[in-house]
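Chemist: Structure in structure tokens, see below.
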Amino acid sequence: MSLDVSPALLDQAERGEVDEAAFVDCVRTSLPFAWEMISSLVAQLKVDGGDFADNQTPPPDEQARGQLLRALASDAIRGALQRHFGVRLAFQNCHRVAVFPLDPSVDKRLARFTSSRAQLLNQSPELRDC
């Protein structure tokens with residue numbers, strides 16, 4: 001299961017539209033490793049500036065890796081995180097998360113990061129089974 005959904009939030013979903021803030025809070029509490037990584041990258045981007053901030057350190061264990069995969073593979077979760085933090089998220093392999101500002105001036109850098117070439121260059125034998 002991707003998220004620990006409270007009965008109240010599930011009831012809200014069954015009745016119709018879900019409050020985005022409640023959904024984001026569910027993601028925050030259900031996927032704390034992914035939340036912390038993305039939060040810290042957003043903070044790094046704000047402090048350092050530049051085109052993007054990224055993580056190149058593999059997660060400490062499979063549970064953490066699974067959180068990143070669930071957060072970034074789900075369109076709903078990923079979209080909510082992007083809206084909440086006001087960034088665009090990019091993902092390579094099973095751990096390299098990057099945050100890009102919404103500024104169109106970084107579109108070329110985002111395209112390079114998400115290109116087939118970049119994916120191939122980010123391969124290593126240690127990451128084969130990630």
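By convention here, the chains of the structure tokens are called A, B, ... in the order presented, each chain's residues are numbered starting at 1, and ligands are numbered starting at 1 in the order presented.
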Using DSSP on the backbone coordinates, identify the residues of chain A assigned to alpha helix (DSSP H); present them as a ChimeraX atom specification.
Modeler: /A:7-15,20-30,32-48,62-73,75-85,107-113,116-121
Chemist: CA of Cys26 (chain A) and CA of Phe100 (chain A), how far apart in Å?
Modeler: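 We find that CA of Phe100 (chain A) and CA of Cys26 (chain A) lie 23.4 Å from each other.
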Chemist: Excluding Leu68 (chain A) and its own-chain neighbours fewer than 2 positions away, which residues fall within 9 Å of it when counting only C-alpha atoms? Please give them as a list in words.
Modeler: Leu31, Phe33, Ala34, Trp35, Met37, Pro59, Gln63, Ala64, Arg65, Gly66, Arg70, Ala71, Leu72, Ala73, Cys94, His95 and Val97 of chain A
Chemist: If you keep N, CA and C atoms, can you produce a file of those selected residues as a PDB file, in the first residue's frame?
Modeler:
```pdb
ATOM      1  N   LEU A  31       4.900   8.761   3.693  1.00  0.00           N
ATOM      2  CA  LEU A  31       6.176   8.603   2.993  1.00  0.00           C
ATOM      3  C   LEU A  31       7.209   9.580   3.553  1.00  0.00           C
ATOM      4  N   PHE A  33      10.415   9.464   4.380  1.00  0.00           N
ATOM      5  CA  PHE A  33      11.735   9.566   3.764  1.00  0.00           C
ATOM      6  C   PHE A  33      11.656  10.379   2.476  1.00  0.00           C
ATOM      7  N   ALA A  34      10.689  10.063   1.634  1.00  0.00           N
ATOM      8  CA  ALA A  34      10.524  10.799   0.377  1.00  0.00           C
ATOM      9  C   ALA A  34      10.211  12.268   0.654  1.00  0.00           C
ATOM     10  N   TRP A  35       9.326  12.518   1.622  1.00  0.00           N
ATOM     11  CA  TRP A  35       8.967  13.891   1.976  1.00  0.00           C
ATOM     12  C   TRP A  35      10.200  14.671   2.423  1.00  0.00           C
ATOM     13  N   MET A  37      13.376  14.063   1.822  1.00  0.00           N
ATOM     14  CA  MET A  37      14.326  14.279   0.733  1.00  0.00           C
ATOM     15  C   MET A  37      13.883  15.434  -0.155  1.00  0.00           C
ATOM     16  N   PRO A  59      19.181   5.650  -1.254  1.00  0.00           N
ATOM     17  CA  PRO A  59      18.485   5.539   0.028  1.00  0.00           C
ATOM     18  C   PRO A  59      19.170   4.509   0.928  1.00  0.00           C
ATOM     19  N   GLN A  63      13.053   0.118   2.246  1.00  0.00           N
ATOM     20  CA  GLN A  63      11.844   0.844   2.632  1.00  0.00           C
ATOM     21  C   GLN A  63      11.915   2.289   2.140  1.00  0.00           C
ATOM     22  N   ALA A  64      13.051   2.926   2.344  1.00  0.00           N
ATOM     23  CA  ALA A  64      13.233   4.307   1.879  1.00  0.00           C
ATOM     24  C   ALA A  64      13.164   4.379   0.359  1.00  0.00           C
ATOM     25  N   ARG A  65      13.804   3.421  -0.307  1.00  0.00           N
ATOM     26  CA  ARG A  65      13.775   3.383  -1.775  1.00  0.00           C
ATOM     27  C   ARG A  65      12.330   3.237  -2.263  1.00  0.00           C
ATOM     28  N   GLY A  66      11.581   2.382  -1.603  1.00  0.00           N
ATOM     29  CA  GLY A  66      10.181   2.184  -1.971  1.00  0.00           C
ATOM     30  C   GLY A  66       9.359   3.452  -1.814  1.00  0.00           C
ATOM     31  N   ARG A  70       7.269   5.143  -4.806  1.00  0.00           N
ATOM     32  CA  ARG A  70       5.830   5.387  -4.711  1.00  0.00           C
ATOM     33  C   ARG A  70       5.511   6.869  -4.900  1.00  0.00           C
ATOM     34  N   ALA A  71       6.308   7.737  -4.294  1.00  0.00           N
ATOM     35  CA  ALA A  71       6.038   9.175  -4.396  1.00  0.00           C
ATOM     36  C   ALA A  71       6.186   9.688  -5.820  1.00  0.00           C
ATOM     37  N   LEU A  72       7.193   9.195  -6.529  1.00  0.00           N
ATOM     38  CA  LEU A  72       7.478   9.754  -7.843  1.00  0.00           C
ATOM     39  C   LEU A  72       6.835   8.985  -8.991  1.00  0.00           C
ATOM     40  N   ALA A  73       6.383   7.773  -8.742  1.00  0.00           N
ATOM     41  CA  ALA A  73       5.729   6.997  -9.801  1.00  0.00           C
ATOM     42  C   ALA A  73       4.238   7.275  -9.875  1.00  0.00           C
ATOM     43  N   CYS A  94      16.599   4.835  -9.140  1.00  0.00           N
ATOM     44  CA  CYS A  94      15.714   4.621  -8.002  1.00  0.00           C
ATOM     45  C   CYS A  94      16.006   5.593  -6.874  1.00  0.00           C
ATOM     46  N   HIS A  95      16.818   6.606  -7.127  1.00  0.00           N
ATOM     47  CA  HIS A  95      17.161   7.495  -6.027  1.00  0.00           C
ATOM     48  C   HIS A  95      17.486   8.929  -6.423  1.00  0.00           C
ATOM     49  N   VAL A  97      16.655  12.087  -7.211  1.00  0.00           N
ATOM     50  CA  VAL A  97      15.542  13.024  -7.265  1.00  0.00           C
ATOM     51  C   VAL A  97      16.123  14.412  -7.476  1.00  0.00           C
TER      52      VAL A  97
END
```
Chemist: Determine the nearest neighbour of Val24 (chain A) from the options A:Leu69, A:Val87, A:Val106, A:Val5, counting only C-alpha atoms.
Modeler: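 Under the stated criterion, the closest residue is A:Val5.
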Chemist: Identify which of the residues A:Leu120, A:Ser2, A:Pro101, A:Leu9 lies closest to Ala53 (chain A), counting only C-alpha atoms when measuring atom-to-atom distances.
Modeler: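 Closest residue, counting only C-alpha atoms: A:Pro101.
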Chemist: Of the candidates A:Thr57, A:Ser40, A:Ser6, A:Gln12, which one gets nearest to Asp25 (chain A) if we count only C-alpha atoms?
Modeler: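 Using only C-alpha atoms, the shortest distance to Asp25 (chain A) belongs to A:Ser6.
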Chemist: Mind the document's chain letters and residue numbers, and return as a PyMOL selection string the residues of chain A that DSSP labels strand (DSSP E).
Modeler: chain A and resi 53-54+87-92+96-101
Chemist: Dump N, CA and C atoms for the selected residues as a PDB file, in the first residue's frame?
Modeler:
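Ended up saving to part.pdb:
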```pdb
ATOM      1  N   ALA A  53      18.391  21.368  -7.787  1.00  0.00           N
ATOM      2  CA  ALA A  53      19.075  20.698  -6.675  1.00  0.00           C
ATOM      3  C   ALA A  53      18.723  19.228  -6.792  1.00  0.00           C
ATOM      4  N   ASP A  54      19.720  18.366  -6.544  1.00  0.00           N
ATOM      5  CA  ASP A  54      19.436  16.936  -6.673  1.00  0.00           C
ATOM      6  C   ASP A  54      20.143  16.120  -5.612  1.00  0.00           C
ATOM      7  N   VAL A  87       7.553  23.430  -7.331  1.00  0.00           N
ATOM      8  CA  VAL A  87       8.710  23.000  -8.122  1.00  0.00           C
ATOM      9  C   VAL A  87       8.273  21.952  -9.128  1.00  0.00           C
ATOM     10  N   ARG A  88       9.200  21.614 -10.018  1.00  0.00           N
ATOM     11  CA  ARG A  88       9.022  20.457 -10.891  1.00  0.00           C
ATOM     12  C   ARG A  88       9.979  19.384 -10.389  1.00  0.00           C
ATOM     13  N   LEU A  89       9.508  18.158 -10.336  1.00  0.00           N
ATOM     14  CA  LEU A  89      10.321  17.042  -9.874  1.00  0.00           C
ATOM     15  C   LEU A  89      10.792  16.212 -11.052  1.00  0.00           C
ATOM     16  N   ALA A  90      12.011  15.749 -10.964  1.00  0.00           N
ATOM     17  CA  ALA A  90      12.569  14.838 -11.967  1.00  0.00           C
ATOM     18  C   ALA A  90      13.181  13.670 -11.209  1.00  0.00           C
ATOM     19  N   PHE A  91      13.303  12.517 -11.902  1.00  0.00           N
ATOM     20  CA  PHE A  91      13.710  11.296 -11.217  1.00  0.00           C
ATOM     21  C   PHE A  91      14.503  10.416 -12.171  1.00  0.00           C
ATOM     22  N   GLN A  92      15.643   9.921 -11.680  1.00  0.00           N
ATOM     23  CA  GLN A  92      16.452   8.964 -12.445  1.00  0.00           C
ATOM     24  C   GLN A  92      16.738   7.769 -11.550  1.00  0.00           C
ATOM     25  N   ARG A  96      17.815   9.175  -7.639  1.00  0.00           N
ATOM     26  CA  ARG A  96      18.266  10.524  -7.993  1.00  0.00           C
ATOM     27  C   ARG A  96      17.060  11.424  -8.259  1.00  0.00           C
ATOM     28  N   VAL A  97      16.655  12.087  -7.211  1.00  0.00           N
ATOM     29  CA  VAL A  97      15.542  13.024  -7.265  1.00  0.00           C
ATOM     30  C   VAL A  97      16.123  14.412  -7.476  1.00  0.00           C
ATOM     31  N   ALA A  98      15.483  15.185  -8.332  1.00  0.00           N
ATOM     32  CA  ALA A  98      15.904  16.573  -8.547  1.00  0.00           C
ATOM     33  C   ALA A  98      14.679  17.469  -8.492  1.00  0.00           C
ATOM     34  N   VAL A  99      14.891  18.671  -7.977  1.00  0.00           N
ATOM     35  CA  VAL A  99      13.839  19.682  -7.980  1.00  0.00           C
ATOM     36  C   VAL A  99      14.301  20.845  -8.844  1.00  0.00           C
ATOM     37  N   PHE A 100      13.397  21.279  -9.686  1.00  0.00           N
ATOM     38  CA  PHE A 100      13.649  22.394 -10.597  1.00  0.00           C
ATOM     39  C   PHE A 100      12.633  23.487 -10.309  1.00  0.00           C
ATOM     40  N   PRO A 101      13.038  24.755 -10.353  1.00  0.00           N
ATOM     41  CA  PRO A 101      12.062  25.830 -10.185  1.00  0.00           C
ATOM     42  C   PRO A 101      11.069  25.830 -11.346  1.00  0.00           C
TER      43      PRO A 101
END
```
Chemist: Nearest residue to Gly86 (chain A) out of A:Gly16, A:Ser39, A:Pro7, A:Leu110, using only C-alpha atoms?
Modeler: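 Using only C-alpha atoms, Gly86 (chain A) sits closest to A:Ser39.
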